[in-house]
Amino acid sequence: MAQVHNSSVSNIVPPRDECLYTKCYCEENVWKLCDHIQQHSTDELQRVYAVFISNQDRVIPLWKQKAARQPGQPVLWDYHVILLYNQPAGSDIYDLDTVLPFPVSFREYVERTIGSNERLKEQFHRFFRVVPAASFLKMFASDRSHMRKENGEWQSPPPTYPCIVAQDGTQMNLDSYISMELGTGPGEVMTLQQFWSKFSASVG
């Protein structure tokens, strides 16, 4: 039986199988979710964040991912992007690459997908760039060049819609979002402890 997510607020995005999804383009998948919320649940957008997960070496283990070769094994991503919805009843996570429910509670996602840094070597510790959705929609840009091989072929087929361009005309700034250098770039970079402290409790 599928897990039921208890929430006092109705879902703000379509069911998982109705969401626009392109494998290996998590940043654009989340951008599209934010765009849907802006169009259909405008008042809730202020509670929504795009969260980039990475570290200095760009090697982060995440569990409960569909791309895992075997159940129970982590996937080593260079970065990953999820949507966080910070509700009064408790935060939710929307991750189109997880095998967990969609949405899943913040606490369950952190416990089952991220886990503790204490069991990992320091090079695998995860950091979180938390970007308000409204800012993400206006400022993010990707020309998808990071997905090109040296010979020009795609590492993974791109989305069929046009590349995302920032409102100021910028065509590529993905690296500034993936970077986990404190005090730089959009939004706020947090340690796992800071991320947990800010969003694990109910908010007013």
# chains A, B, ... in the order shown; residues from 1 in each chain; ligands from 1
call {"tool": "residues_around", "arguments": {"residues": "stretch 116-122 of chain A", "least_positions_apart": "2", "cutoff": "12 Å", "atoms": "only C-alpha atoms", "output": "PyMOL selection string"}}
result
chain A and resi 55-57+59-63+109-114+124-127+191-193+196
call {"tool": "residues_around", "arguments": {"residues": "A:Pro103", "least_positions_apart": "3", "cutoff": "8 Å", "atoms": "only C-alpha atoms", "output": "PyMOL selection string"}}
result
chain A and resi 5+92-95
call {"tool": "write_last_selection", "arguments": {"atoms": "N, CA, C and O atoms", "output": "compact mmCIF listing (two decimals), in the first residue's frame"}}
result
# COMPACT_ATOMS: atom_id res chain seq x y z
N HIS A 5 0.66 10.79 2.57
CA HIS A 5 1.29 11.98 3.17
C HIS A 5 0.19 12.83 3.76
O HIS A 5 -0.71 13.28 3.07
N ASP A 92 7.38 20.18 3.31
CA ASP A 92 7.35 19.05 2.38
C ASP A 92 8.50 19.18 1.39
O ASP A 92 8.95 20.27 1.07
N ILE A 93 8.93 18.03 0.87
CA ILE A 93 9.92 17.98 -0.20
C ILE A 93 9.30 17.34 -1.44
O ILE A 93 8.63 16.31 -1.35
N TYR A 94 9.54 17.96 -2.58
CA TYR A 94 9.14 17.41 -3.87
C TYR A 94 10.42 17.06 -4.64
O TYR A 94 11.20 17.95 -4.97
N ASP A 95 10.62 15.77 -4.89
CA ASP A 95 11.80 15.30 -5.61
C ASP A 95 11.33 14.31 -6.66
O ASP A 95 10.86 13.21 -6.33
call {"tool": "closest_atom_pairs", "arguments": {"of": "stretch 31-96 of chain A", "to": "stretch 8-23 of chain A", "cutoff": "7 Å", "atoms": "only C-alpha atoms", "output": "CSV"}}
result
residue,atom,partner,partner_atom,distance
A:Leu33,CA,A:Val13,CA,6.6
A:His36,CA,A:Val13,CA,6.8
A:Ile37,CA,A:Ile12,CA,6.2
A:Ser41,CA,A:Ile12,CA,6.5
A:Ala89,CA,A:Ser8,CA,6.4
A:Leu96,CA,A:Arg16,CA,6.9
call {"tool": "write_last_selection", "arguments": {"atoms": "N, CA and C atoms", "output": "short mmCIF file (atom, residue, chain, number, x, y, z; two decimals), in the first residue's frame"}}
result
data_model
loop_
_atom_site.label_atom_id
_atom_site.label_comp_id
_atom_site.auth_asym_id
_atom_site.auth_seq_id
_atom_site.Cartn_x
_atom_site.Cartn_y
_atom_site.Cartn_z
N LEU A 33 8.37 23.16 -11.80
CA LEU A 33 7.44 23.04 -10.67
C LEU A 33 7.18 24.42 -10.06
N HIS A 36 4.85 26.35 -12.25
CA HIS A 36 3.47 25.88 -12.08
C HIS A 36 2.84 26.52 -10.84
N ILE A 37 3.58 26.55 -9.75
CA ILE A 37 3.07 27.13 -8.51
C ILE A 37 2.81 28.62 -8.69
N SER A 41 -0.84 28.72 -7.89
CA SER A 41 -0.95 28.89 -6.43
C SER A 41 -0.06 30.06 -6.01
N ALA A 89 2.09 23.59 8.80
CA ALA A 89 1.95 22.26 9.41
C ALA A 89 3.23 21.43 9.32
N LEU A 96 11.43 14.68 -7.92
CA LEU A 96 10.96 13.82 -9.00
C LEU A 96 11.89 12.64 -9.25
#
call {"tool": "select_by_dssp", "arguments": {"residues": "stretch 20-110 of chain A", "states": "strand (DSSP E or B)", "output": "list in words"}}
result
Val48, Tyr49, Ala50, Val51, Phe52, Ile53, Ser54, Ile60, Pro61, Leu62, Gln65, Val75, Leu76, Trp77, His80, Val81, Ile82, Leu83, Leu84, Tyr85, Asp92, Ile93, Tyr94, Thr98, Val104 and Ser105 of chain A
call {"tool": "closest_atom_pairs", "arguments": {"of": "stretch 32-123 of chain A", "to": "stretch 130-133 of chain A", "cutoff": "6 Å", "atoms": "only C-alpha atoms", "output": "Markdown table"}}
result
| residue | atom | partner | partner_atom | distance |
| --- | --- | --- | --- | --- |
| A:Val48 | CA | A:Ala133 | CA | 5.4 |
| A:Tyr49 | CA | A:Pro132 | CA | 4.5 |
| A:Ala50 | CA | A:Val131 | CA | 5.2 |
| A:Val51 | CA | A:Val130 | CA | 4.6 |
call {"tool": "write_last_selection", "arguments": {"atoms": "N, CA, C and O atoms", "output": "tab-separated table (two decimals), in the first residue's frame"}}
result
chain	number	residue	atom	x	y	z
A	48	VAL	N	7.91	28.65	-0.98
A	48	VAL	CA	8.57	27.64	-1.80
A	48	VAL	C	10.02	28.01	-2.07
A	48	VAL	O	10.34	29.18	-2.31
A	49	TYR	N	10.89	26.99	-2.04
A	49	TYR	CA	12.32	27.18	-2.28
A	49	TYR	C	12.85	26.11	-3.23
A	49	TYR	O	12.42	24.95	-3.17
A	50	ALA	N	13.76	26.51	-4.09
A	50	ALA	CA	14.58	25.56	-4.84
A	50	ALA	C	15.82	25.30	-4.00
A	50	ALA	O	16.49	26.24	-3.57
A	51	VAL	N	16.12	24.03	-3.75
A	51	VAL	CA	17.26	23.68	-2.90
A	51	VAL	C	18.27	22.89	-3.72
A	51	VAL	O	17.98	21.78	-4.19
call {"tool": "closest_atom_pairs", "arguments": {"of": "stretch 6-111 of chain A", "to": "stretch 168-186 of chain A", "cutoff": "9 Å", "atoms": "only C-alpha atoms", "output": "CSV"}}
result
residue,atom,partner,partner_atom,distance
A:Glu27,CA,A:Leu174,CA,8.6
A:Phe52,CA,A:Ile178,CA,6.3
A:Ile53,CA,A:Ile178,CA,7.4
A:Ser54,CA,A:Ile178,CA,6.4
A:Asn55,CA,A:Met180,CA,5.7
A:Gln56,CA,A:Met180,CA,6.3
A:Arg58,CA,A:Ile178,CA,8.3
A:Asp78,CA,A:Ile178,CA,8.8
A:Tyr79,CA,A:Ile178,CA,6.7
A:His80,CA,A:Ile178,CA,8.6
call {"tool": "write_last_selection", "arguments": {"atoms": "C-alpha atoms", "output": "JSON list (two decimals), in the first residue's frame"}}
result
[["chain", "number", "residue", "atom", "x", "y", "z"],
["A", 27, "GLU", "CA", 17.31, 22.00, -11.94],
["A", 52, "PHE", "CA", 20.56, 22.82, -4.60],
["A", 53, "ILE", "CA", 22.51, 20.04, -2.86],
["A", 54, "SER", "CA", 26.23, 19.72, -3.53],
["A", 55, "ASN", "CA", 29.69, 20.32, -2.02],
["A", 56, "GLN", "CA", 33.11, 21.61, -2.96],
["A", 58, "ARG", "CA", 30.66, 18.00, -6.32],
["A", 78, "ASP", "CA", 27.58, 16.00, -8.64],
["A", 79, "TYR", "CA", 24.57, 18.01, -7.51],
["A", 80, "HIS", "CA", 20.85, 17.54, -7.05]]
call {"tool": "residues_around", "arguments": {"residues": "A:Arg148", "least_positions_apart": "6", "cutoff": "10 Å", "atoms": "only C-alpha atoms", "output": "ChimeraX atom specification"}}
result
/A:154-158
call {"tool": "write_last_selection", "arguments": {"atoms": "N, CA, C and O atoms", "output": "PDB file, in the first residue's frame"}}
result
ATOM      1  N   TRP A 154      25.051  14.863 -26.482  1.00  0.00           N
ATOM      2  CA  TRP A 154      24.425  15.012 -25.176  1.00  0.00           C
ATOM      3  C   TRP A 154      24.775  13.837 -24.269  1.00  0.00           C
ATOM      4  O   TRP A 154      24.755  12.685 -24.700  1.00  0.00           O
ATOM      5  N   GLN A 155      25.085  14.135 -23.013  1.00  0.00           N
ATOM      6  CA  GLN A 155      25.241  13.076 -22.024  1.00  0.00           C
ATOM      7  C   GLN A 155      23.905  12.410 -21.738  1.00  0.00           C
ATOM      8  O   GLN A 155      23.835  11.219 -21.462  1.00  0.00           O
ATOM      9  N   SER A 156      22.850  13.210 -21.798  1.00  0.00           N
ATOM     10  CA  SER A 156      21.482  12.729 -21.642  1.00  0.00           C
ATOM     11  C   SER A 156      20.596  13.659 -22.440  1.00  0.00           C
ATOM     12  O   SER A 156      20.815  14.878 -22.437  1.00  0.00           O
ATOM     13  N   PRO A 157      19.604  13.127 -23.165  1.00  0.00           N
ATOM     14  CA  PRO A 157      18.776  13.984 -24.022  1.00  0.00           C
ATOM     15  C   PRO A 157      18.149  15.133 -23.242  1.00  0.00           C
ATOM     16  O   PRO A 157      17.629  14.936 -22.144  1.00  0.00           O
ATOM     17  N   PRO A 158      18.194  16.356 -23.793  1.00  0.00           N
ATOM     18  CA  PRO A 158      17.681  17.536 -23.087  1.00  0.00           C
ATOM     19  C   PRO A 158      16.161  17.630 -23.166  1.00  0.00           C
ATOM     20  O   PRO A 158      15.520  16.931 -23.960  1.00  0.00           O
TER      21      PRO A 158
END
call {"tool": "closest_residue", "arguments": {"among": "A:Leu84, A:Arg69, A:Trp31, A:Pro74", "to": "A:Glu44", "atoms": "only C-alpha atoms"}}
result
A:Leu84
call {"tool": "atom_distance", "arguments": {"atom1": "atom CA of A:Gln70", "atom2": "atom CA of A:Leu100"}}
result
15.2 Å
call {"tool": "atom_distance", "arguments": {"atom1": "atom CA of A:His146", "atom2": "atom CA of A:Cys24"}}
result
11.0 Å
call {"tool": "select_by_dssp", "arguments": {"residues": "stretch 69-115 of chain A", "states": "helix (DSSP H, G or I)", "output": "number ranges by chain"}}
result
A: 106-114
call {"tool": "write_last_selection", "arguments": {"atoms": "C-alpha atoms", "output": "compact mmCIF listing (two decimals), in the first residue's frame"}}
result
# COMPACT_ATOMS: atom_id res chain seq x y z
CA PHE A 106 10.90 17.14 5.18
CA ARG A 107 11.84 14.97 8.15
CA GLU A 108 11.39 11.69 6.28
CA TYR A 109 13.30 12.95 3.26
CA VAL A 110 16.28 14.12 5.30
CA GLU A 111 16.34 10.96 7.38
CA ARG A 112 15.99 8.51 4.48
CA THR A 113 17.57 10.32 1.51
CA ILE A 114 20.27 12.48 3.08
